[in-house]
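Q: What follows is structure-v3.cif, mmCIF, C-alpha atoms.
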data_input
#
loop_
_atom_site.label_atom_id
_atom_site.label_comp_id
_atom_site.auth_asym_id
_atom_site.auth_seq_id
_atom_site.Cartn_x
_atom_site.Cartn_y
_atom_site.Cartn_z
CA LYS A 1412 116.37 126.99 76.99
CA PRO A 1413 113.02 125.34 76.25
CA PHE A 1414 111.00 124.03 79.20
CA HIS A 1415 111.25 120.39 78.05
CA PHE A 1416 115.05 120.63 78.36
CA PHE A 1417 114.72 121.27 82.11
CA ILE A 1418 112.32 118.33 82.48
CA PHE A 1419 114.78 116.11 80.58
CA GLU A 1420 117.69 117.23 82.79
CA ARG A 1421 115.65 116.69 85.97
CA MET A 1422 114.73 113.15 84.89
CA ASN A 1423 118.36 112.37 84.04
CA THR A 1424 119.35 113.47 87.55
CA LEU A 1425 116.61 111.28 89.06
CA LEU A 1426 117.71 108.29 86.96
CA LYS A 1427 121.32 108.72 88.13
CA GLY A 1428 120.06 108.64 91.70
CA LEU A 1429 118.11 105.46 90.98
CA GLU A 1430 121.14 103.87 89.35
CA LYS A 1431 123.15 104.33 92.56
CA LYS A 1432 120.47 102.40 94.52
CA LEU A 1433 120.58 99.34 92.26
CA ASP A 1434 122.84 96.31 92.49
CA GLY A 1435 122.05 95.78 88.82
CA THR A 1436 122.49 98.20 85.96
CA LEU A 1437 120.46 101.17 84.72
CA LEU A 1438 121.30 102.61 81.30
CA ALA A 1439 119.85 105.77 79.78
CA ASP A 1440 122.27 106.22 76.89
CA GLN A 1441 120.96 106.61 73.35
CA LEU A 1442 122.33 103.27 72.11
CA HIS A 1443 120.51 101.13 74.70
CA LYS A 1444 117.33 103.16 74.42
CA ASN A 1445 117.36 102.61 70.63
CA ILE A 1446 118.01 98.88 71.02
CA TYR A 1447 115.04 98.52 73.40
CA ALA A 1448 112.75 100.81 71.39
CA THR A 1449 111.71 97.85 69.21
CA ASP A 1450 110.77 94.21 69.51
CA ALA A 1451 109.73 91.68 66.87
CA SER A 1452 106.77 93.94 65.99
CA VAL A 1453 106.60 97.00 63.75
CA TYR A 1454 106.35 99.38 66.74
CA LYS A 1455 109.11 101.68 67.92
CA ILE A 1456 108.85 103.63 71.18
CA LEU A 1457 111.96 105.08 72.78
CA PRO A 1458 112.09 104.16 76.49
CA LEU A 1459 113.23 106.46 79.28
CA ALA A 1460 115.91 103.96 80.35
CA VAL A 1461 116.78 100.25 80.45
CA ALA A 1462 117.25 98.38 83.74
CA TYR A 1463 118.90 95.02 84.35
CA PRO A 1464 117.83 94.24 87.92
CA LYS A 1465 119.92 91.71 89.86
CA ASN A 1466 117.55 90.91 92.70
CA THR A 1467 114.18 91.54 94.31
CA LYS A 1468 115.50 94.64 96.07
CA ASP A 1469 116.26 96.16 92.66
CA LEU A 1470 112.72 95.39 91.49
CA GLN A 1471 111.30 97.07 94.59
CA SER A 1472 113.45 100.16 93.94
CA LEU A 1473 112.28 100.32 90.33
CA ILE A 1474 108.62 100.01 91.35
CA ARG A 1475 108.99 102.76 93.97
CA PHE A 1476 110.74 105.04 91.47
CA ALA A 1477 108.10 104.50 88.80
CA SER A 1478 105.30 105.14 91.28
CA GLU A 1479 106.90 108.28 92.74
CA HIS A 1480 107.76 109.77 89.34
CA LYS A 1481 104.63 108.74 87.43
CA THR A 1482 106.36 106.62 84.82
CA SER A 1483 105.80 103.05 83.71
CA LEU A 1484 107.82 99.87 83.92
CA ILE A 1485 107.90 97.61 80.87
CA PRO A 1486 108.90 94.10 81.97
CA ARG A 1487 110.79 92.35 79.21
CA THR A 1488 112.55 89.10 78.60
CA ALA A 1489 113.43 88.25 74.99
CA GLY A 1490 111.36 90.86 73.11
CA THR A 1491 109.75 88.36 70.76
CA SER A 1492 106.24 89.82 70.92
CA LEU A 1493 104.57 90.57 67.60
CA ALA A 1494 102.21 93.31 68.79
CA GLY A 1495 104.52 95.73 70.58
CA GLN A 1496 103.75 94.56 74.12
CA CYS A 1497 107.30 95.04 75.39
CA VAL A 1498 108.02 98.56 74.14
CA GLY A 1499 106.95 101.78 75.78
CA PRO A 1500 108.04 105.22 77.02
CA GLY A 1501 108.88 104.14 80.59
CA ILE A 1502 111.75 102.08 81.99
CA VAL A 1503 112.29 98.75 80.25
CA VAL A 1504 113.08 96.14 82.91
CA ASP A 1505 115.04 93.37 81.20
CA MET A 1506 114.67 90.18 83.25
CA SER A 1507 116.67 88.00 80.84
CA LYS A 1508 120.11 88.69 82.28
CA HIS A 1509 119.85 87.88 86.00
CA PHE A 1510 116.43 86.27 86.58
CA THR A 1511 117.17 82.95 84.86
CA LYS A 1512 116.92 80.33 87.60
CA ILE A 1513 114.76 77.24 87.73
CA MET A 1514 114.08 77.31 91.45
CA GLU A 1515 112.04 74.23 92.26
CA LEU A 1516 110.60 71.14 90.58
CA ASN A 1517 107.79 69.16 92.20
CA LYS A 1518 107.73 65.89 90.24
CA GLU A 1519 104.60 64.60 91.98
CA LYS A 1520 102.52 67.70 91.25
CA LYS A 1521 104.27 68.22 87.90
CA THR A 1522 104.99 71.86 88.71
CA VAL A 1523 108.07 73.99 88.37
CA ARG A 1524 108.80 77.36 89.99
CA LEU A 1525 111.12 79.58 88.00
CA GLN A 1526 112.18 83.12 87.24
CA PRO A 1527 110.86 84.99 84.18
CA GLY A 1528 114.14 84.93 82.24
CA VAL A 1529 114.20 81.13 81.86
CA ASN A 1530 114.34 80.16 78.19
CA ARG A 1531 111.55 77.84 77.02
CA ASP A 1532 113.87 75.31 75.33
CA ALA A 1533 116.20 75.29 78.35
CA LEU A 1534 113.20 74.56 80.59
CA ASN A 1535 112.18 71.63 78.41
CA ALA A 1536 115.75 70.28 78.39
CA TYR A 1537 115.68 70.44 82.21
CA LEU A 1538 112.27 68.71 82.38
CA LYS A 1539 112.97 65.97 79.81
CA PRO A 1540 114.72 63.50 82.18
CA PHE A 1541 111.58 63.59 84.37
CA GLY A 1542 109.25 62.83 81.44
CA LEU A 1543 107.81 66.36 81.58
CA PHE A 1544 107.68 69.31 79.19
CA PHE A 1545 106.17 72.78 78.91
CA GLY A 1546 103.56 72.43 76.16
CA PRO A 1547 103.17 75.80 74.42
CA ASN A 1548 105.50 75.39 71.44
CA THR A 1549 106.11 78.83 69.98
CA SER A 1550 107.99 79.33 66.74
CA THR A 1551 110.54 81.33 68.76
CA SER A 1552 111.06 78.64 71.42
CA ALA A 1553 114.85 78.86 71.14
CA TYR A 1554 114.67 82.54 72.13
CA CYS A 1555 111.48 83.12 74.08
CA MET A 1556 111.44 83.18 77.85
CA LEU A 1557 108.71 82.20 80.25
CA GLY A 1558 108.07 85.75 81.52
CA GLY A 1559 107.30 86.90 77.99
CA MET A 1560 105.26 83.79 77.29
CA VAL A 1561 103.12 84.52 80.35
CA GLY A 1562 102.74 88.18 79.36
CA ASN A 1563 101.69 87.28 75.82
CA ASN A 1564 99.78 84.08 76.65
CA SER A 1565 101.90 82.31 74.04
CA SER A 1566 100.61 79.29 72.22
CA GLY A 1567 102.02 77.54 69.16
CA THR A 1568 101.65 74.44 67.04
CA THR A 1569 100.84 72.13 69.97
CA SER A 1570 98.30 74.40 71.69
CA ILE A 1571 95.23 72.43 70.58
CA ARG A 1572 96.54 69.34 72.34
CA TYR A 1573 98.52 70.82 75.26
CA GLY A 1574 96.96 74.25 75.80
CA VAL A 1575 98.29 77.78 75.81
CA THR A 1576 100.50 79.38 78.45
CA ARG A 1577 97.62 80.56 80.68
CA ASP A 1578 96.57 76.90 80.98
CA LYS A 1579 99.95 76.08 82.53
CA VAL A 1580 100.36 78.89 85.08
CA LEU A 1581 99.36 78.58 88.74
#
Show the structure stored in the file as structure tokens.
A:
Amino acid sequence: KPFHFFIFERMNTLLKGLEKKLDGTLLADQLHKNIYATDASVYKILPLAVAYPKNTKDLQSLIRFASEHKTSLIPRTAGTSLAGQCVGPGIVVDMSKHFTKIMELNKEKKTVRLQPGVNRDALNAYLKPFGLFFGPNTSTSAYCMLGGMVGNNSSGTTSIRYGVTRDKVL
């Protein structure tokens, strides 16, 4: 058998070991890898696996694994980037499934602490009764999530008046 076959088999064994350590899910089947090989851009890069972490412990396990085995982690929420930022050959870490909580609102300081999988429109619906809103108004606001907006420094039609994402992050 070719040498790359043994490397592939070894990595599959390592991924199965990682999967057992996670409370969330790790998938390395061809279907999920193909789904996560693209985003809204023209790029296609097949990842090693796709992870749906459930908690901080899962994230720590993924970081340790990537460090020990010299692979990358590709954090991802909705996959709406237009320049291929959320595709890559490492492990895609999809934060949109379990990291979706708005954790704290400070009305006086006009700040909100949240997880990266919070949808932009859902955040604004939450903030509306307090007379607040998150200004960057992307064309994909119904789908985009704050983690991706931070990663891409999203802007939109209101950015001249209200700023871009980096202007809103502490």
Q: Please identify all polymer residues within 8 Å of Asp1469 in chain A, counting all atoms listed in the file, omitting same-chain residues fewer than 6 positions from it, and present them as a PyMOL selection string.
A: chain A and resi 1432-1435
Q: For Leu1557 in chain A, find every residue with an atom within 8 Å (counting all atoms listed in the file), except residues of its own chain fewer than 3 positions away, and show them as a list in words.
A: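 Near Leu1557 in chain A, the qualifying residues are Gln1526, Pro1527, Gly1528, Val1529, Asn1530, Arg1531, Met1560 and Val1561 of chain A.
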Q: May I ask which of the residues A:Pro1464, A:Gly1574, A:Gly1495, A:Gly1546 is the closest one to Ser1507 in chain A, counting all atoms listed in the file?
A: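 The shortest atom-to-atom distance to Ser1507 in chain A comes from A:Pro1464.
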Q: Skipping near chain neighbours, those fewer than 4 positions away, what residues fall within 12 Å of Val1580 in chain A using only C-alpha atoms, listed as a PDB file with C-alpha atoms, keeping the file's coordinate frame?
A:
ATOM      1  CA  LYS A1521     104.270  68.220  87.900  1.00  0.00           C
ATOM      2  CA  THR A1522     104.990  71.860  88.710  1.00  0.00           C
ATOM      3  CA  VAL A1523     108.070  73.990  88.370  1.00  0.00           C
ATOM      4  CA  ARG A1524     108.800  77.360  89.990  1.00  0.00           C
ATOM      5  CA  LEU A1525     111.120  79.580  88.000  1.00  0.00           C
ATOM      6  CA  PHE A1545     106.170  72.780  78.910  1.00  0.00           C
ATOM      7  CA  GLY A1546     103.560  72.430  76.160  1.00  0.00           C
ATOM      8  CA  PRO A1547     103.170  75.800  74.420  1.00  0.00           C
ATOM      9  CA  LEU A1557     108.710  82.200  80.250  1.00  0.00           C
ATOM     10  CA  GLY A1558     108.070  85.750  81.520  1.00  0.00           C
ATOM     11  CA  MET A1560     105.260  83.790  77.290  1.00  0.00           C
ATOM     12  CA  VAL A1561     103.120  84.520  80.350  1.00  0.00           C
ATOM     13  CA  GLY A1562     102.740  88.180  79.360  1.00  0.00           C
ATOM     14  CA  ASN A1564      99.780  84.080  76.650  1.00  0.00           C
ATOM     15  CA  SER A1565     101.900  82.310  74.040  1.00  0.00           C
ATOM     16  CA  GLY A1574      96.960  74.250  75.800  1.00  0.00           C
ATOM     17  CA  VAL A1575      98.290  77.780  75.810  1.00  0.00           C
ATOM     18  CA  THR A1576     100.500  79.380  78.450  1.00  0.00           C
TER      19      THR A1576
END
Q: Rounded to one decimal place, report the CA of Asp1440 in chain A-CA of Ala1553 in chain A distance in Å.
A: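 Spanning CA of Asp1440 in chain A to CA of Ala1553 in chain A is a straight-line distance of 28.9 Å.
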Q: Quick one: everything within 9 Å of range 1490-1493 of chain A, counting only C-alpha atoms, minus sequence neighbours fewer than 6 positions away in the same chain. Send it as a list in words.
A: Tyr1447, Thr1449, Asp1450, Ala1451, Ser1452, Val1453, Thr1551, Tyr1554, Cys1555, Met1556, Gly1559, Met1560 and Asn1563 of chain A
Q: How many Å lie between CA of Thr1511 in chain A and CA of Lys1481 in chain A, rounded to one decimal?
A: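 That distance, rounded to one decimal, is 28.8 Å.
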Q: From the options A:Ile1513, A:Leu1425, A:Glu1420, A:Leu1457, which residue's atoms come nearest to Ala1536 in chain A, counting all atoms listed in the file?
A: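 Residue with the minimum atom-to-atom distance to Ala1536 in chain A: A:Ile1513.
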Q: What is the CA of Lys1444 in chain A-CA of Lys1512 in chain A distance in Å, reported with one decimal?
A: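 Taking CA of Lys1444 in chain A as the start and CA of Lys1512 in chain A as the end point, the length is 26.4 Å.
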Q: Box along x, y and z, 5 Å on every side, all listed atoms of range 1442-1451 of chain A inside: centre and edge lengths in Å to one decimal, as AutoDock Vina command-line options.
A:
--center_x 116.0 --center_y 97.5 --center_z 70.8 --size_x 22.6 --size_y 21.6 --size_z 17.8
Q: Using the chain letters and numbers from the file, which residues does the PyMOL selection byres ((chain A and resi 1443) around 12) grab, as an MDAnalysis selection string?
A: chainID A and resid 1436:1442 1444:1449 1457:1463 1502:1503 1505
Q: Which residue out of A:Ala1533, A:Lys1455, A:Thr1482, A:His1509 has the minimum interatomic distance to Cys1497 in chain A when all atoms listed in the file are used?
A: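 Ranked by minimum distance to Cys1497 in chain A, first place goes to A:Lys1455.
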Q: For a quick check of understanding, using all atoms listed in the file, which of A:Ile1456, A:Leu1581, A:Met1514, A:Leu1473 has the smallest distance to Leu1426 in chain A?
A: A:Leu1473
Q: Looking at A:Ala1489, A:Gly1499, A:Tyr1454, A:Leu1429, which one is nearest to Ile1474 in chain A, with distances taken over all atoms listed in the file?
A: A:Leu1429
Q: Expanded to explicit residues, what is the PyMOL selection byres ((chain A and resi 1518) around 12) for this file, as a PyMOL selection string?
A: chain A and resi 1515-1517+1519-1524+1538-1544
Q: Please complete range 1495-1506 of chain A with all heavy atoms and give it back as a PDB file, keeping the file's coordinate frame.
A:
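Okay, rebuild02.pdb is ready:
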ATOM      1  N   GLY A1495     103.972  94.586  69.879  1.00  0.00           N
ATOM      2  CA  GLY A1495     104.520  95.730  70.580  1.00  0.00           C
ATOM      3  C   GLY A1495     104.323  95.739  72.079  1.00  0.00           C
ATOM      4  O   GLY A1495     104.474  96.774  72.722  1.00  0.00           O
ATOM      5  N   GLN A1496     104.030  94.585  72.690  1.00  0.00           N
ATOM      6  CA  GLN A1496     103.750  94.560  74.120  1.00  0.00           C
ATOM      7  C   GLN A1496     104.942  94.931  74.993  1.00  0.00           C
ATOM      8  O   GLN A1496     104.762  95.345  76.123  1.00  0.00           O
ATOM      9  CB  GLN A1496     103.280  93.155  74.570  1.00  0.00           C
ATOM     10  CG  GLN A1496     102.014  92.687  73.948  1.00  0.00           C
ATOM     11  CD  GLN A1496     102.276  91.761  72.772  1.00  0.00           C
ATOM     12  OE1 GLN A1496     103.047  92.071  71.881  1.00  0.00           O
ATOM     13  NE2 GLN A1496     101.599  90.630  72.761  1.00  0.00           N
ATOM     14  N   CYS A1497     106.155  94.788  74.502  1.00  0.00           N
ATOM     15  CA  CYS A1497     107.300  95.040  75.390  1.00  0.00           C
ATOM     16  C   CYS A1497     108.089  96.284  74.997  1.00  0.00           C
ATOM     17  O   CYS A1497     109.276  96.396  75.285  1.00  0.00           O
ATOM     18  CB  CYS A1497     108.187  93.803  75.467  1.00  0.00           C
ATOM     19  SG  CYS A1497     108.912  93.308  73.920  1.00  0.00           S
ATOM     20  N   VAL A1498     107.414  97.248  74.368  1.00  0.00           N
ATOM     21  CA  VAL A1498     108.020  98.560  74.140  1.00  0.00           C
ATOM     22  C   VAL A1498     107.136  99.607  74.803  1.00  0.00           C
ATOM     23  O   VAL A1498     105.943  99.394  75.001  1.00  0.00           O
ATOM     24  CB  VAL A1498     108.219  98.863  72.635  1.00  0.00           C
ATOM     25  CG1 VAL A1498     109.203  97.888  72.014  1.00  0.00           C
ATOM     26  CG2 VAL A1498     106.916  98.858  71.885  1.00  0.00           C
ATOM     27  N   GLY A1499     107.728 100.720  75.161  1.00  0.00           N
ATOM     28  CA  GLY A1499     106.950 101.780  75.780  1.00  0.00           C
ATOM     29  C   GLY A1499     107.856 102.913  76.232  1.00  0.00           C
ATOM     30  O   GLY A1499     109.087 102.793  76.201  1.00  0.00           O
ATOM     31  N   PRO A1500     107.268 104.025  76.683  1.00  0.00           N
ATOM     32  CA  PRO A1500     108.040 105.220  77.020  1.00  0.00           C
ATOM     33  C   PRO A1500     108.638 105.206  78.429  1.00  0.00           C
ATOM     34  O   PRO A1500     109.350 106.116  78.798  1.00  0.00           O
ATOM     35  CB  PRO A1500     107.018 106.346  76.883  1.00  0.00           C
ATOM     36  CG  PRO A1500     105.718 105.684  77.241  1.00  0.00           C
ATOM     37  CD  PRO A1500     105.828 104.279  76.706  1.00  0.00           C
ATOM     38  N   GLY A1501     108.374 104.193  79.221  1.00  0.00           N
ATOM     39  CA  GLY A1501     108.880 104.140  80.590  1.00  0.00           C
ATOM     40  C   GLY A1501     110.243 103.477  80.668  1.00  0.00           C
ATOM     41  O   GLY A1501     111.052 103.568  79.748  1.00  0.00           O
ATOM     42  N   ILE A1502     110.483 102.784  81.779  1.00  0.00           N
ATOM     43  CA  ILE A1502     111.750 102.080  81.990  1.00  0.00           C
ATOM     44  C   ILE A1502     111.556 100.622  81.607  1.00  0.00           C
ATOM     45  O   ILE A1502     110.713  99.925  82.176  1.00  0.00           O
ATOM     46  CB  ILE A1502     112.203 102.183  83.465  1.00  0.00           C
ATOM     47  CG1 ILE A1502     112.418 103.644  83.853  1.00  0.00           C
ATOM     48  CG2 ILE A1502     113.483 101.374  83.681  1.00  0.00           C
ATOM     49  CD1 ILE A1502     112.676 103.860  85.341  1.00  0.00           C
ATOM     50  N   VAL A1503     112.315 100.168  80.627  1.00  0.00           N
ATOM     51  CA  VAL A1503     112.290  98.750  80.250  1.00  0.00           C
ATOM     52  C   VAL A1503     113.066  97.994  81.323  1.00  0.00           C
ATOM     53  O   VAL A1503     114.191  98.362  81.666  1.00  0.00           O
ATOM     54  CB  VAL A1503     112.929  98.526  78.864  1.00  0.00           C
ATOM     55  CG1 VAL A1503     113.088  97.039  78.585  1.00  0.00           C
ATOM     56  CG2 VAL A1503     112.095  99.188  77.776  1.00  0.00           C
ATOM     57  N   VAL A1504     112.450  96.956  81.869  1.00  0.00           N
ATOM     58  CA  VAL A1504     113.080  96.140  82.910  1.00  0.00           C
ATOM     59  C   VAL A1504     113.385  94.779  82.297  1.00  0.00           C
ATOM     60  O   VAL A1504     112.505  93.929  82.166  1.00  0.00           O
ATOM     61  CB  VAL A1504     112.155  96.011  84.144  1.00  0.00           C
ATOM     62  CG1 VAL A1504     112.846  95.208  85.240  1.00  0.00           C
ATOM     63  CG2 VAL A1504     111.749  97.385  84.660  1.00  0.00           C
ATOM     64  N   ASP A1505     114.626  94.593  81.888  1.00  0.00           N
ATOM     65  CA  ASP A1505     115.040  93.370  81.200  1.00  0.00           C
ATOM     66  C   ASP A1505     115.368  92.288  82.238  1.00  0.00           C
ATOM     67  O   ASP A1505     116.354  92.373  82.959  1.00  0.00           O
ATOM     68  CB  ASP A1505     116.246  93.642  80.316  1.00  0.00           C
ATOM     69  CG  ASP A1505     116.595  92.470  79.422  1.00  0.00           C
ATOM     70  OD1 ASP A1505     116.324  91.310  79.805  1.00  0.00           O
ATOM     71  OD2 ASP A1505     117.143  92.708  78.333  1.00  0.00           O
ATOM     72  N   MET A1506     114.536  91.265  82.276  1.00  0.00           N
ATOM     73  CA  MET A1506     114.670  90.180  83.250  1.00  0.00           C
ATOM     74  C   MET A1506     115.527  89.033  82.722  1.00  0.00           C
ATOM     75  O   MET A1506     115.766  88.068  83.432  1.00  0.00           O
ATOM     76  CB  MET A1506     113.281  89.658  83.611  1.00  0.00           C
ATOM     77  CG  MET A1506     112.324  90.719  84.115  1.00  0.00           C
ATOM     78  SD  MET A1506     112.828  91.462  85.661  1.00  0.00           S
ATOM     79  CE  MET A1506     112.422  90.139  86.773  1.00  0.00           C
TER      80      MET A1506
END
